[in-house]
Amino acid sequence: MMAAENEKELQQLKKRILELARKSYEHNIYTYTGFLSMAEQDVFYGMETELKGTAYELYGGRQDTERQMLRFGSMESLGYEEAFPIVCLSVRPVMEKFADSMTHRDFLGAVMNLGIDRSTVGDILLEGKSAYLFCTEKIAPYLIENLRKVKHTNVRCAAADAVAELPVKEPEEIRFTAASERADVIIAKVYGLSRNQSLALFRERKIYVNGRLNENNSYTIKGGDMVSVRGYGRFVYHGADHETKKGKWSVLAGVYR
């Protein structure tokens, strides 16, 4: 399933999602997309009318992933359970002492240079000079056999146990004061941006709240909202707990570094 990059491809994705939902219902089986980007997930969320009553689940290998696979079907609707076809791989330098410092872009570039589709790979999580990546079961053997170099560093790719080897990192809690709980105000505070920079992110369609595209900069962020800002990261908004003497709100958020 190809990754969607433009409006035409997003429309094709919509048709494909409807096909998978129909196939799951008619054949009593689980059906899956590839890993969906935030923009692609937003397309799915916008299909509530067409998919009303359809059982589904989004999962990316663990609960805090951004890129996620969409599955149609459930234990209740199908009468049996089935694991998502997702594998976690570790990518480690053969000799860590001499390894380059590598970024997310370096690891992703090395994977894409193997000629595979972006939808076969989920989140890539850095751990020192190594990385863990989630991918589809089908592409995992190919990556294990062929991913041999990242940047200028020779690496070894192998299956990993995400639960045992990759503990979930707790977000870093930060407290700050804000004039209001408007999305543009809170985002500017969290990432140290000017108001204009924050507004530009909304115009560029880079803000997602609970997985859905949000272009309304005056949206009031609520406690528990998960906010993703493309190019900056994610944070969970815990809320404003009291008003300061200067009439501003004391706010708490958890930022994923």
# chains A, B, ... in the order shown; residues from 1 in each chain; ligands from 1

$ residues_around --residues "segment 31-44 of chain A" --least-positions-apart "3" --cutoff "9 Å" --atoms "only C-alpha atoms" --output "PyMOL selection string"
chain A and resi 1-5+10-11+13-14+16-17+20-21+23-24+47-48+59-60+66-73+84-85+118-123+135-136+208+211-213+228

$ write_last_selection --atoms "N, CA and C atoms" --output "CSV table (one decimal), in the first residue's frame"
chain,number,residue,atom,x,y,z
A,1,MET,N,0.9,-1.2,0.0
A,1,MET,CA,0.0,0.0,0.0
A,1,MET,C,0.9,1.2,0.0
A,2,MET,N,0.8,2.0,-1.0
A,2,MET,CA,1.7,3.2,-1.2
A,2,MET,C,1.4,4.3,-0.2
A,3,ALA,N,2.4,5.0,0.2
A,3,ALA,CA,2.2,6.2,1.1
A,3,ALA,C,1.6,7.3,0.3
A,4,ALA,N,0.7,8.0,0.9
A,4,ALA,CA,0.0,9.1,0.3
A,4,ALA,C,0.8,10.4,0.5
A,5,GLU,N,1.1,11.1,-0.6
A,5,GLU,CA,1.9,12.3,-0.5
A,5,GLU,C,1.2,13.5,-1.1
A,10,LEU,N,-4.2,10.9,-1.6
A,10,LEU,CA,-5.1,10.8,-0.4
A,10,LEU,C,-6.4,10.3,-0.8
A,11,GLN,N,-6.9,10.7,-1.9
A,11,GLN,CA,-8.2,10.2,-2.4
A,11,GLN,C,-8.1,8.7,-2.7
A,13,LEU,N,-6.1,6.7,-1.2
A,13,LEU,CA,-6.1,6.1,0.2
A,13,LEU,C,-7.5,5.9,0.7
A,14,LYS,N,-8.3,6.9,0.5
A,14,LYS,CA,-9.7,6.9,1.0
A,14,LYS,C,-10.5,5.7,0.4
A,16,ARG,N,-9.1,3.0,-0.8
A,16,ARG,CA,-8.5,1.8,-0.3
A,16,ARG,C,-9.0,1.4,1.1
A,17,ILE,N,-9.1,2.4,1.9
A,17,ILE,CA,-9.7,2.2,3.3
A,17,ILE,C,-11.1,1.6,3.2
A,20,LEU,N,-10.9,-2.0,2.2
A,20,LEU,CA,-10.4,-2.9,3.3
A,20,LEU,C,-11.5,-3.1,4.4
A,21,ALA,N,-12.3,-2.1,4.6
A,21,ALA,CA,-13.4,-2.2,5.6
A,21,ALA,C,-14.5,-3.2,5.0
A,23,LYS,N,-13.9,-5.6,2.7
A,23,LYS,CA,-13.4,-6.9,2.7
A,23,LYS,C,-13.4,-7.6,4.1
A,24,SER,N,-13.1,-6.8,5.1
A,24,SER,CA,-13.1,-7.3,6.5
A,24,SER,C,-14.5,-7.8,6.8
A,47,MET,N,-13.6,10.1,7.7
A,47,MET,CA,-14.5,9.2,7.0
A,47,MET,C,-15.5,8.5,8.0
A,48,GLU,N,-15.9,9.2,9.0
A,48,GLU,CA,-16.7,8.7,10.1
A,48,GLU,C,-18.1,8.3,9.5
A,59,TYR,N,-2.7,1.1,15.5
A,59,TYR,CA,-1.6,0.6,16.4
A,59,TYR,C,-0.3,0.7,15.6
A,60,GLY,N,0.8,1.1,16.3
A,60,GLY,CA,2.1,1.2,15.5
A,60,GLY,C,3.2,0.4,16.1
A,66,GLU,N,3.7,7.4,16.5
A,66,GLU,CA,3.0,8.4,15.7
A,66,GLU,C,2.5,7.8,14.4
A,67,ARG,N,3.3,7.1,13.7
A,67,ARG,CA,2.9,6.4,12.5
A,67,ARG,C,2.2,5.1,12.9
A,68,GLN,N,1.0,4.9,12.4
A,68,GLN,CA,0.2,3.7,12.9
A,68,GLN,C,-0.5,3.0,11.8
A,69,MET,N,-0.6,1.7,12.0
A,69,MET,CA,-1.3,0.8,11.0
A,69,MET,C,-2.8,0.8,11.4
A,70,LEU,N,-3.7,0.8,10.4
A,70,LEU,CA,-5.1,0.7,10.6
A,70,LEU,C,-5.6,-0.7,10.4
A,71,ARG,N,-6.3,-1.2,11.3
A,71,ARG,CA,-6.8,-2.6,11.2
A,71,ARG,C,-8.3,-2.6,11.3
A,72,PHE,N,-9.0,-3.2,10.4
A,72,PHE,CA,-10.5,-3.4,10.5
A,72,PHE,C,-10.8,-4.8,11.0
A,73,GLY,N,-11.8,-4.9,11.9
A,73,GLY,CA,-12.1,-6.1,12.5
A,73,GLY,C,-11.8,-6.1,14.0
A,84,PHE,N,-1.3,-7.7,15.2
A,84,PHE,CA,-0.9,-6.8,14.1
A,84,PHE,C,0.4,-7.4,13.5
A,85,PRO,N,0.5,-7.3,12.1
A,85,PRO,CA,1.7,-7.8,11.4
A,85,PRO,C,2.8,-6.8,11.5
A,118,ARG,N,7.5,3.8,1.9
A,118,ARG,CA,7.5,4.4,3.2
A,118,ARG,C,6.4,3.8,4.1
A,119,SER,N,5.4,3.3,3.5
A,119,SER,CA,4.3,2.8,4.3
A,119,SER,C,4.6,1.4,5.0
A,120,THR,N,5.7,0.8,4.6
A,120,THR,CA,6.2,-0.4,5.3
A,120,THR,C,6.9,-0.2,6.5
A,121,VAL,N,7.3,1.1,6.8
A,121,VAL,CA,8.1,1.4,8.0
A,121,VAL,C,7.3,2.4,8.9
A,122,GLY,N,7.3,2.1,10.2
A,122,GLY,CA,6.6,2.9,11.1
A,122,GLY,C,7.6,3.9,11.8
A,123,ASP,N,7.4,4.1,13.1
A,123,ASP,CA,8.3,5.0,13.8
A,123,ASP,C,9.7,4.5,13.9
A,135,CYS,N,8.3,-2.1,11.5
A,135,CYS,CA,8.1,-2.3,10.1
A,135,CYS,C,7.1,-3.5,10.0
A,136,THR,N,6.6,-3.7,8.8
A,136,THR,CA,5.7,-4.8,8.5
A,136,THR,C,6.4,-6.1,8.5
A,208,TYR,N,-1.5,18.7,14.7
A,208,TYR,CA,-2.5,17.6,14.9
A,208,TYR,C,-2.8,17.5,16.3
A,211,GLY,N,-4.5,13.1,16.9
A,211,GLY,CA,-4.4,12.4,15.6
A,211,GLY,C,-5.1,13.1,14.4
A,212,ARG,N,-5.8,14.2,14.7
A,212,ARG,CA,-6.6,14.9,13.7
A,212,ARG,C,-6.0,16.3,13.3
A,213,LEU,N,-5.9,16.6,12.0
A,213,LEU,CA,-5.4,17.8,11.6
A,213,LEU,C,-6.2,19.0,12.2
A,228,SER,N,0.6,17.0,18.3
A,228,SER,CA,1.7,16.7,17.4
A,228,SER,C,2.0,17.9,16.6

$ closest_atom_pairs --of "segment 59-148 of chain A" --to "segment 166-171 of chain A" --cutoff "12 Å" --atoms "only C-alpha atoms" --output "tab-separated table"
residue	atom	partner	partner_atom	distance
A:Gly61	CA	A:Leu166	CA	11.1
A:Arg62	CA	A:Val168	CA	8.7
A:Gln63	CA	A:Val168	CA	8.9
A:Asp64	CA	A:Val168	CA	7.9
A:Thr65	CA	A:Val168	CA	10.2
A:Cys88	CA	A:Leu166	CA	9.7
A:Leu89	CA	A:Leu166	CA	10.6
A:Ser90	CA	A:Leu166	CA	9.7
A:Ile124	CA	A:Leu166	CA	11.6
A:Leu125	CA	A:Leu166	CA	9.0
A:Leu126	CA	A:Leu166	CA	10.0
A:Glu127	CA	A:Leu166	CA	8.7
A:Ser130	CA	A:Leu166	CA	11.6
A:Ala131	CA	A:Leu166	CA	9.9
A:Tyr132	CA	A:Leu166	CA	7.9
A:Leu133	CA	A:Leu166	CA	10.5
A:Phe134	CA	A:Leu166	CA	11.5

$ write_last_selection --atoms "all heavy atoms" --output "short mmCIF file (atom, residue, chain, number, x, y, z; two decimals), in the first residue's frame"
data_model
loop_
_atom_site.label_atom_id
_atom_site.label_comp_id
_atom_site.auth_asym_id
_atom_site.auth_seq_id
_atom_site.Cartn_x
_atom_site.Cartn_y
_atom_site.Cartn_z
N GLY A 61 2.94 -0.54 16.93
CA GLY A 61 4.00 -1.36 17.52
C GLY A 61 4.06 -1.21 19.02
O GLY A 61 4.49 -2.11 19.75
N ARG A 62 3.66 -0.03 19.49
CA ARG A 62 3.43 0.22 20.91
C ARG A 62 2.53 1.45 21.00
O ARG A 62 2.25 2.11 19.99
CB ARG A 62 4.73 0.39 21.68
CG ARG A 62 5.56 1.61 21.33
CD ARG A 62 6.82 1.62 22.18
NE ARG A 62 7.45 2.93 22.21
CZ ARG A 62 8.50 3.22 22.96
NH1 ARG A 62 9.03 2.31 23.74
NH2 ARG A 62 9.03 4.43 22.94
N GLN A 63 2.08 1.78 22.19
CA GLN A 63 0.99 2.75 22.33
C GLN A 63 1.36 4.20 22.00
O GLN A 63 0.49 5.00 21.70
CB GLN A 63 0.40 2.68 23.74
CG GLN A 63 -0.27 1.35 24.06
CD GLN A 63 -1.34 0.97 23.05
OE1 GLN A 63 -2.13 1.81 22.61
NE2 GLN A 63 -1.37 -0.30 22.66
N ASP A 64 2.64 4.56 22.07
CA ASP A 64 3.00 5.98 21.90
C ASP A 64 3.56 6.30 20.52
O ASP A 64 4.21 7.31 20.33
CB ASP A 64 4.00 6.40 22.98
CG ASP A 64 5.30 5.59 22.91
OD1 ASP A 64 5.31 4.53 22.26
OD2 ASP A 64 6.31 6.04 23.50
N THR A 65 3.32 5.44 19.54
CA THR A 65 3.86 5.68 18.20
C THR A 65 3.04 6.72 17.44
O THR A 65 1.83 6.86 17.66
CB THR A 65 3.91 4.39 17.38
OG1 THR A 65 2.62 3.76 17.43
CG2 THR A 65 4.95 3.43 17.93
N CYS A 88 9.45 -5.30 15.36
CA CYS A 88 10.41 -4.29 15.82
C CYS A 88 11.81 -4.78 15.48
O CYS A 88 12.16 -5.94 15.77
CB CYS A 88 10.28 -4.06 17.32
SG CYS A 88 11.43 -2.82 17.97
N LEU A 89 12.62 -3.92 14.88
CA LEU A 89 14.01 -4.25 14.54
C LEU A 89 14.96 -3.30 15.26
O LEU A 89 14.66 -2.13 15.45
CB LEU A 89 14.25 -4.12 13.03
CG LEU A 89 13.39 -4.98 12.10
CD1 LEU A 89 13.76 -4.70 10.64
CD2 LEU A 89 13.55 -6.46 12.41
N SER A 90 16.10 -3.83 15.67
CA SER A 90 17.16 -2.98 16.22
C SER A 90 18.21 -2.77 15.14
O SER A 90 18.52 -3.69 14.37
CB SER A 90 17.80 -3.63 17.45
OG SER A 90 18.48 -4.81 17.10
N ILE A 124 10.70 5.39 13.92
CA ILE A 124 12.11 5.07 14.15
C ILE A 124 12.52 5.81 15.42
O ILE A 124 12.46 7.03 15.48
CB ILE A 124 12.99 5.50 12.97
CG1 ILE A 124 12.56 4.76 11.69
CG2 ILE A 124 14.46 5.23 13.27
CD1 ILE A 124 13.30 5.21 10.44
N LEU A 125 12.93 5.06 16.43
CA LEU A 125 13.24 5.63 17.74
C LEU A 125 14.72 5.51 18.02
O LEU A 125 15.28 4.40 17.97
CB LEU A 125 12.42 4.92 18.82
CG LEU A 125 10.90 4.86 18.56
CD1 LEU A 125 10.21 4.01 19.61
CD2 LEU A 125 10.30 6.25 18.52
N LEU A 126 15.37 6.63 18.31
CA LEU A 126 16.81 6.64 18.55
C LEU A 126 17.15 6.23 19.97
O LEU A 126 16.44 6.56 20.92
CB LEU A 126 17.38 8.03 18.27
CG LEU A 126 17.13 8.62 16.87
CD1 LEU A 126 17.87 9.94 16.72
CD2 LEU A 126 17.56 7.65 15.78
N GLU A 127 18.24 5.51 20.10
CA GLU A 127 18.74 5.07 21.40
C GLU A 127 20.26 5.14 21.33
O GLU A 127 20.92 4.20 20.90
CB GLU A 127 18.27 3.65 21.72
CG GLU A 127 18.53 3.20 23.14
CD GLU A 127 17.59 3.85 24.16
OE1 GLU A 127 16.49 4.27 23.78
OE2 GLU A 127 17.99 3.91 25.33
N SER A 130 22.29 3.90 18.23
CA SER A 130 21.47 2.85 17.64
C SER A 130 20.05 3.37 17.42
O SER A 130 19.72 4.49 17.79
CB SER A 130 21.43 1.63 18.57
OG SER A 130 22.73 1.12 18.79
N ALA A 131 19.22 2.53 16.81
CA ALA A 131 17.82 2.89 16.61
C ALA A 131 16.97 1.63 16.62
O ALA A 131 17.45 0.53 16.34
CB ALA A 131 17.64 3.61 15.28
N TYR A 132 15.72 1.82 16.98
CA TYR A 132 14.71 0.77 16.86
C TYR A 132 13.70 1.26 15.85
O TYR A 132 13.31 2.42 15.85
CB TYR A 132 14.02 0.52 18.20
CG TYR A 132 14.90 -0.16 19.22
CD1 TYR A 132 15.70 0.58 20.08
CD2 TYR A 132 14.93 -1.55 19.33
CE1 TYR A 132 16.51 -0.03 21.02
CE2 TYR A 132 15.73 -2.18 20.27
CZ TYR A 132 16.52 -1.42 21.12
OH TYR A 132 17.31 -2.04 22.04
N LEU A 133 13.31 0.36 14.95
CA LEU A 133 12.30 0.75 13.97
C LEU A 133 11.22 -0.31 13.90
O LEU A 133 11.46 -1.49 14.08
CB LEU A 133 12.91 1.02 12.59
CG LEU A 133 13.56 -0.12 11.80
CD1 LEU A 133 12.52 -0.88 10.98
CD2 LEU A 133 14.62 0.44 10.87
N PHE A 134 10.00 0.16 13.65
CA PHE A 134 8.87 -0.75 13.47
C PHE A 134 8.60 -0.87 11.98
O PHE A 134 8.66 0.11 11.24
CB PHE A 134 7.63 -0.21 14.19
CG PHE A 134 7.78 -0.18 15.68
CD1 PHE A 134 8.14 1.00 16.34
CD2 PHE A 134 7.58 -1.33 16.44
CE1 PHE A 134 8.30 1.02 17.72
CE2 PHE A 134 7.72 -1.31 17.82
CZ PHE A 134 8.09 -0.14 18.46
#

$ select_by_dssp --residues "segment 39-240 of chain A" --states "alpha helix (DSSP H)" --output "JSON, numbers by chain"
{"A": [39, 40, 41, 42, 43, 44, 45, 75, 76, 77, 78, 104, 105, 106, 107, 108, 109, 110, 111, 112, 140, 141, 142, 143, 144, 145, 146, 162, 163, 164, 165, 183, 184, 185, 186, 187, 188, 189, 190, 191, 195, 196, 197, 198, 199, 200, 201, 202, 203]}

$ atom_distance --atom1 "atom CA of Leu114 of chain A" --atom2 "atom CA of Glu165 of chain A"
25.5 Å
